[in-house]
file query_28.cif (mmCIF, C-alpha atoms)
data_target
#
loop_
_atom_site.group_PDB
_atom_site.id
_atom_site.type_symbol
_atom_site.label_atom_id
_atom_site.label_comp_id
_atom_site.auth_asym_id
_atom_site.auth_seq_id
_atom_site.Cartn_x
_atom_site.Cartn_y
_atom_site.Cartn_z
ATOM 1 C CA MET A 1 -112.218 -37.561 -39.263
ATOM 2 C CA ALA A 2 -114.485 -34.827 -37.986
ATOM 3 C CA THR A 3 -117.549 -36.765 -39.156
ATOM 4 C CA ASN A 4 -116.475 -39.819 -37.113
ATOM 5 C CA GLU A 5 -116.141 -37.595 -34.018
ATOM 6 C CA ARG A 6 -119.606 -36.174 -34.647
ATOM 7 C CA ARG A 7 -121.085 -39.654 -35.011
ATOM 8 C CA GLY A 8 -119.403 -40.703 -31.780
ATOM 9 C CA LEU A 9 -120.694 -37.606 -30.019
ATOM 10 C CA LYS A 10 -124.223 -38.307 -31.303
ATOM 11 C CA GLY A 11 -124.006 -41.815 -29.888
ATOM 12 C CA VAL A 12 -122.922 -40.447 -26.499
ATOM 13 C CA LEU A 13 -125.774 -37.950 -26.494
ATOM 14 C CA LYS A 14 -128.270 -40.664 -27.351
ATOM 15 C CA MET A 15 -126.944 -42.863 -24.552
ATOM 16 C CA SER A 16 -127.156 -39.959 -22.096
ATOM 17 C CA ASP A 17 -130.685 -39.121 -23.246
ATOM 18 C CA ARG A 18 -131.660 -42.761 -22.912
ATOM 19 C CA ALA A 19 -130.260 -42.947 -19.362
ATOM 20 C CA ASP A 20 -132.109 -39.756 -18.400
ATOM 21 C CA ARG A 21 -135.319 -41.106 -19.911
ATOM 22 C CA LEU A 22 -134.854 -44.398 -18.046
ATOM 23 C CA ARG A 23 -134.364 -42.547 -14.743
ATOM 24 C CA GLU A 24 -137.512 -40.540 -15.389
ATOM 25 C CA LEU A 25 -139.526 -43.678 -16.197
ATOM 26 C CA VAL A 26 -138.182 -45.523 -13.148
ATOM 27 C CA SER A 27 -139.119 -42.611 -10.880
ATOM 28 C CA ASN A 28 -142.654 -42.445 -12.348
ATOM 29 C CA VAL A 29 -143.253 -46.182 -12.041
ATOM 30 C CA ALA A 30 -141.746 -46.306 -8.552
ATOM 31 C CA ALA A 31 -143.885 -43.374 -7.375
ATOM 32 C CA ALA A 32 -147.037 -45.084 -8.637
ATOM 33 C CA TYR A 33 -146.017 -48.429 -7.112
ATOM 34 C CA PHE A 34 -145.079 -46.999 -3.712
ATOM 35 C CA SER A 35 -148.289 -44.956 -3.489
ATOM 36 C CA ASN A 36 -150.388 -48.136 -3.785
ATOM 37 C CA THR A 37 -148.170 -50.661 -1.992
ATOM 38 C CA HIS A 38 -146.590 -50.861 1.430
ATOM 39 C CA VAL A 39 -142.860 -51.493 1.039
ATOM 40 C CA SER A 40 -140.414 -51.617 3.920
ATOM 41 C CA PRO A 41 -137.460 -49.230 3.680
ATOM 42 C CA THR A 42 -135.024 -52.140 3.328
ATOM 43 C CA GLU A 43 -136.843 -53.371 0.187
ATOM 44 C CA ILE A 44 -136.918 -50.027 -1.668
ATOM 45 C CA ALA A 45 -133.519 -50.448 -3.321
ATOM 46 C CA GLY A 46 -134.453 -53.914 -4.576
ATOM 47 C CA VAL A 47 -137.747 -52.665 -6.008
ATOM 48 C CA LEU A 48 -135.985 -49.785 -7.775
ATOM 49 C CA ASP A 49 -133.392 -52.186 -9.228
ATOM 50 C CA GLN A 50 -136.125 -54.497 -10.441
ATOM 51 C CA ILE A 51 -138.063 -51.643 -12.076
ATOM 52 C CA ALA A 52 -134.899 -50.299 -13.720
ATOM 53 C CA SER A 53 -133.872 -53.713 -15.039
ATOM 54 C CA SER A 54 -137.376 -54.389 -16.352
ATOM 55 C CA LEU A 55 -137.601 -51.046 -18.117
ATOM 56 C CA GLY A 56 -134.017 -51.322 -19.369
ATOM 57 C CA ALA A 57 -134.798 -54.747 -20.811
ATOM 58 C CA VAL A 58 -137.469 -53.246 -23.052
ATOM 59 C CA GLY A 59 -135.854 -53.169 -26.456
ATOM 60 C CA GLU A 60 -132.985 -55.450 -25.430
ATOM 61 C CA GLY A 61 -132.785 -59.143 -26.153
ATOM 62 C CA ALA A 62 -134.630 -61.533 -23.838
ATOM 63 C CA GLY A 63 -131.327 -63.246 -23.020
ATOM 64 C CA GLU A 64 -130.029 -60.184 -21.180
ATOM 65 C CA ALA A 65 -133.210 -59.570 -19.172
ATOM 66 C CA ALA A 66 -133.505 -63.060 -17.637
ATOM 67 C CA PRO A 67 -130.306 -63.051 -15.530
ATOM 68 C CA ARG A 68 -131.212 -59.702 -13.970
ATOM 69 C CA ALA A 69 -134.638 -60.905 -12.840
ATOM 70 C CA ALA A 70 -133.381 -64.057 -11.098
ATOM 71 C CA PRO A 71 -131.765 -62.404 -8.042
ATOM 72 C CA ALA A 72 -134.939 -60.413 -7.348
ATOM 73 C CA GLY A 73 -136.918 -63.666 -7.224
ATOM 74 C CA GLU A 74 -134.456 -65.092 -4.720
ATOM 75 C CA ARG A 75 -134.816 -62.035 -2.499
ATOM 76 C CA GLU A 76 -138.621 -62.265 -2.572
ATOM 77 C CA SER A 77 -138.769 -65.869 -1.374
ATOM 78 C CA ARG A 78 -136.783 -65.221 1.823
ATOM 79 C CA LEU A 79 -139.370 -64.217 4.393
ATOM 80 C CA THR A 80 -138.789 -64.020 8.097
ATOM 81 C CA PRO A 81 -141.194 -65.724 10.508
ATOM 82 C CA ALA A 82 -142.229 -62.261 11.720
ATOM 83 C CA GLN A 83 -143.185 -61.188 8.183
ATOM 84 C CA ILE A 84 -145.232 -64.352 7.759
ATOM 85 C CA ARG A 85 -146.976 -63.821 11.129
ATOM 86 C CA ASN A 86 -147.670 -60.162 10.404
ATOM 87 C CA SER A 87 -149.203 -60.946 7.011
ATOM 88 C CA VAL A 88 -152.197 -62.640 8.656
ATOM 89 C CA LYS A 89 -154.600 -60.017 10.025
ATOM 90 C CA PRO A 90 -158.084 -60.734 11.449
ATOM 91 C CA ASP A 91 -159.888 -59.061 8.539
ATOM 92 C CA GLY A 92 -157.510 -59.966 5.723
ATOM 93 C CA ILE A 93 -154.349 -61.680 4.583
ATOM 94 C CA ILE A 94 -151.670 -59.497 3.034
ATOM 95 C CA SER A 95 -150.438 -60.862 -0.281
ATOM 96 C CA PHE A 96 -146.685 -61.011 -0.753
ATOM 97 C CA GLU A 97 -147.250 -60.521 -4.486
ATOM 98 C CA ASP A 98 -148.602 -56.963 -4.285
ATOM 99 C CA GLY A 99 -148.749 -56.067 -0.572
ATOM 100 C CA LYS A 100 -152.534 -55.625 -0.527
ATOM 101 C CA SER A 101 -154.941 -57.206 1.941
ATOM 102 C CA TYR A 102 -157.453 -59.826 0.748
ATOM 103 C CA LYS A 103 -160.191 -61.767 2.534
ATOM 104 C CA THR A 104 -159.435 -64.790 0.377
ATOM 105 C CA LEU A 105 -156.103 -65.293 -1.354
ATOM 106 C CA ARG A 106 -157.358 -68.014 -3.714
ATOM 107 C CA ARG A 107 -159.278 -65.598 -5.940
ATOM 108 C CA HIS A 108 -156.372 -63.136 -5.990
ATOM 109 C CA LEU A 109 -153.895 -65.887 -6.844
ATOM 110 C CA SER A 110 -156.090 -67.264 -9.614
ATOM 111 C CA SER A 111 -156.175 -63.806 -11.198
ATOM 112 C CA LEU A 112 -152.358 -63.957 -11.207
ATOM 113 C CA GLY A 113 -152.412 -67.452 -12.710
ATOM 114 C CA MET A 114 -151.071 -69.135 -9.562
ATOM 115 C CA THR A 115 -152.330 -71.958 -7.397
ATOM 116 C CA PRO A 116 -152.129 -71.779 -3.597
ATOM 117 C CA ALA A 117 -149.447 -74.504 -3.678
ATOM 118 C CA GLN A 118 -147.317 -72.458 -6.095
ATOM 119 C CA TYR A 119 -147.745 -69.369 -3.890
ATOM 120 C CA LEU A 120 -146.699 -71.263 -0.752
ATOM 121 C CA GLN A 121 -143.681 -72.711 -2.535
ATOM 122 C CA LYS A 122 -142.608 -69.409 -4.126
ATOM 123 C CA TRP A 123 -142.610 -67.551 -0.827
ATOM 124 C CA GLY A 124 -141.456 -70.442 1.365
ATOM 125 C CA LEU A 125 -144.631 -70.423 3.469
ATOM 126 C CA PRO A 126 -145.664 -73.312 5.737
ATOM 127 C CA SER A 127 -148.290 -75.753 4.446
ATOM 128 C CA ASP A 128 -150.767 -74.611 7.129
ATOM 129 C CA TYR A 129 -150.601 -70.961 6.020
ATOM 130 C CA PRO A 130 -154.213 -69.696 5.765
ATOM 131 C CA MET A 131 -155.777 -68.770 2.431
ATOM 132 C CA VAL A 132 -158.830 -67.170 4.118
ATOM 133 C CA ALA A 133 -158.897 -64.343 6.679
ATOM 134 C CA PRO A 134 -159.601 -65.609 10.236
ATOM 135 C CA ASN A 135 -162.767 -63.497 10.705
ATOM 136 C CA LEU A 136 -164.240 -64.676 7.397
ATOM 137 C CA SER A 137 -163.379 -68.262 8.295
ATOM 138 C CA ALA A 138 -165.207 -67.892 11.632
ATOM 139 C CA VAL A 139 -168.295 -66.434 9.918
ATOM 140 C CA ARG A 140 -168.350 -69.286 7.397
ATOM 141 C CA SER A 141 -167.914 -71.849 10.157
ATOM 142 C CA GLU A 142 -170.798 -70.425 12.187
ATOM 143 C CA LEU A 143 -173.022 -70.336 9.119
ATOM 144 C CA ALA A 144 -172.228 -73.973 8.367
ATOM 145 C CA ARG A 145 -173.040 -74.951 11.963
ATOM 146 C CA SER A 146 -176.343 -73.097 11.899
ATOM 147 C CA MET A 147 -177.268 -74.886 8.660
ATOM 148 C CA ARG A 148 -176.178 -78.194 10.251
ATOM 149 C CA LEU A 149 -173.813 -78.922 7.386
ATOM 150 C CA GLY A 150 -171.686 -81.989 7.872
ATOM 151 C CA ARG A 151 -174.194 -83.649 10.212
ATOM 152 C CA SER A 152 -175.874 -86.969 9.606
ATOM 153 C CA ALA A 153 -179.323 -87.120 8.020
ATOM 154 C CA ALA A 154 -180.958 -87.939 11.360
ATOM 155 C CA PRO A 155 -183.824 -85.602 12.206
ATOM 156 C CA ALA A 156 -183.010 -82.678 14.424
ATOM 157 C CA PRO A 157 -184.400 -82.845 17.968
ATOM 158 C CA ALA A 158 -187.435 -80.644 18.592
ATOM 159 C CA PRO A 159 -187.223 -77.941 21.249
ATOM 160 C CA ASP A 160 -189.283 -80.077 23.689
ATOM 161 C CA GLY A 161 -186.734 -82.904 23.468
ATOM 162 C CA THR A 162 -188.691 -85.270 21.217
ATOM 163 C CA THR A 163 -187.772 -86.098 17.688
ATOM 164 C CA SER A 164 -189.555 -84.163 15.002
ATOM 165 C CA SER A 165 -190.335 -87.357 13.138
ATOM 166 C CA SER A 166 -193.984 -88.446 13.130
ATOM 167 C CA ARG A 167 -193.191 -91.908 11.802
ATOM 168 C CA ARG A 168 -194.211 -94.817 13.914
ATOM 169 C CA LYS A 169 -191.876 -97.573 14.887
ATOM 170 C CA PRO A 170 -192.440 -100.548 12.587
ATOM 171 C CA ARG A 171 -194.042 -103.553 14.254
ATOM 172 C CA ASP A 172 -192.441 -106.899 14.420
ATOM 173 C CA LYS A 173 -193.847 -109.345 11.937
ATOM 174 C CA HIS A 174 -196.381 -111.781 13.262
ATOM 175 C CA VAL A 175 -194.801 -115.137 13.733
ATOM 176 C CA SER A 176 -197.201 -118.076 13.846
ATOM 177 C CA ARG A 177 -196.609 -120.808 16.397
#
call {"tool": "encode", "arguments": {"input": "query_28.cif", "output": "structure tokens"}}
result
Amino acid sequence: MATNERRGLKGVLKMSDRADRLRELVSNVAAAYFSNTHVSPTEIAGVLDQIASSLGAVGEGAGEAAPRAAPAGERESRLTPAQIRNSVKPDGIISFEDGKSYKTLRRHLSSLGMTPAQYLQKWGLPSDYPMVAPNLSAVRSELARSMRLGRSAAPAPAPDGTTSSSRRKPRDKHVSR
């Protein structure tokens, strides 16, 4: 009977060691994540839960990990209009995926394997949500105007007001009477 008690005690020690190790890993991952990402104080508990469930799922069956991840996804998609407004800055758009600022979200999203439509749907963003920072959009627009992109093929007027074309107007055909 003493051997059964020892085996049970070993199991308890292993569980305690595993819980301590999990806490240590969660604190290390959370410290690294929070040092590189802006997270509001109200979201910290959710991020810690998500990290703990992800690390706890390592070594467990995939069936147990999936239900834990679903509520975190639901929390992420609920954004307030103020959060959406504040994510668009003149020099960059803050990604809701990692909290970093990007001049263009399309390239960032493609590196994550997402399309802009999937991103808008996941986060519940309006269809007119910008994918390019406003300042970059203005620079591109001005460049396109200076290159006369989108204009007809008609020759540009010369500075003195005449057309730059040296072609003569074709004459009417001679009609015999």
call {"tool": "atom_distance", "arguments": {"input": "query_28.cif", "atom1": "CA of Asn135 in chain A", "atom2": "CA of Tyr102 in chain A"}}
result
11.9 Å
call {"tool": "residues_around", "arguments": {"input": "query_28.cif", "residues": "Gln83 in chain A", "least_positions_apart": "5", "cutoff": "10 Å", "atoms": "all atoms listed in the file", "output": "PyMOL selection string"}}
result
chain A and resi 78+88+96
call {"tool": "resolve_selection", "arguments": {"input": "query_28.cif", "expression": "the PyMOL selection byres ((chain A and resi 22-39) around 8)", "output": "mmCIF file with C-alpha atoms, in the frame of the given file"}}
result
data_model
loop_
_atom_site.group_PDB
_atom_site.id
_atom_site.type_symbol
_atom_site.label_atom_id
_atom_site.label_comp_id
_atom_site.auth_asym_id
_atom_site.auth_seq_id
_atom_site.Cartn_x
_atom_site.Cartn_y
_atom_site.Cartn_z
ATOM 1 C CA ARG A 18 -131.660 -42.761 -22.912
ATOM 2 C CA ALA A 19 -130.260 -42.947 -19.362
ATOM 3 C CA ASP A 20 -132.109 -39.756 -18.400
ATOM 4 C CA ARG A 21 -135.319 -41.106 -19.911
ATOM 5 C CA SER A 40 -140.414 -51.617 3.920
ATOM 6 C CA PRO A 41 -137.460 -49.230 3.680
ATOM 7 C CA GLU A 43 -136.843 -53.371 0.187
ATOM 8 C CA ILE A 44 -136.918 -50.027 -1.668
ATOM 9 C CA VAL A 47 -137.747 -52.665 -6.008
ATOM 10 C CA LEU A 48 -135.985 -49.785 -7.775
ATOM 11 C CA ILE A 51 -138.063 -51.643 -12.076
ATOM 12 C CA ALA A 52 -134.899 -50.299 -13.720
ATOM 13 C CA LEU A 55 -137.601 -51.046 -18.117
ATOM 14 C CA GLY A 56 -134.017 -51.322 -19.369
ATOM 15 C CA ASP A 98 -148.602 -56.963 -4.285
ATOM 16 C CA GLY A 99 -148.749 -56.067 -0.572
ATOM 17 C CA LYS A 100 -152.534 -55.625 -0.527
#
call {"tool": "atom_distance", "arguments": {"input": "query_28.cif", "atom1": "CA of Gly124 in chain A", "atom2": "CA of Arg85 in chain A"}}
result
13.0 Å
call {"tool": "atom_distance", "arguments": {"input": "query_28.cif", "atom1": "CA of Met131 in chain A", "atom2": "CA of Thr104 in chain A"}}
result
5.8 Å
call {"tool": "closest_residue", "arguments": {"input": "query_28.cif", "among": "A:Tyr129, A:Leu112, A:Gly46, A:Leu136", "to": "Ile84 in chain A", "atoms": "all atoms listed in the file"}}
result
A:Tyr129
call {"tool": "closest_residue", "arguments": {"input": "query_28.cif", "among": "A:Val132, A:Ala82, A:Ala144, A:Ala45", "to": "Lys103 in chain A", "atoms": "all atoms listed in the file"}}
result
A:Val132
call {"tool": "closest_residue", "arguments": {"input": "query_28.cif", "among": "A:Asp91, A:Thr42, A:Gly113, A:Arg106", "to": "Ala138 in chain A", "atoms": "only C-alpha atoms"}}
result
A:Asp91
call {"tool": "residues_around", "arguments": {"input": "query_28.cif", "residues": "Glu97 in chain A", "least_positions_apart": "5", "cutoff": "10 Å", "atoms": "only C-alpha atoms", "output": "list in words"}}
result
Glu76, His108, Leu109, Leu112, Tyr119 and Trp123 of chain A
call {"tool": "closest_residue", "arguments": {"input": "query_28.cif", "among": "A:Ser16, A:Ser95, A:Ser53, A:Lys173", "to": "Leu125 in chain A", "atoms": "all atoms listed in the file"}}
result
A:Ser95
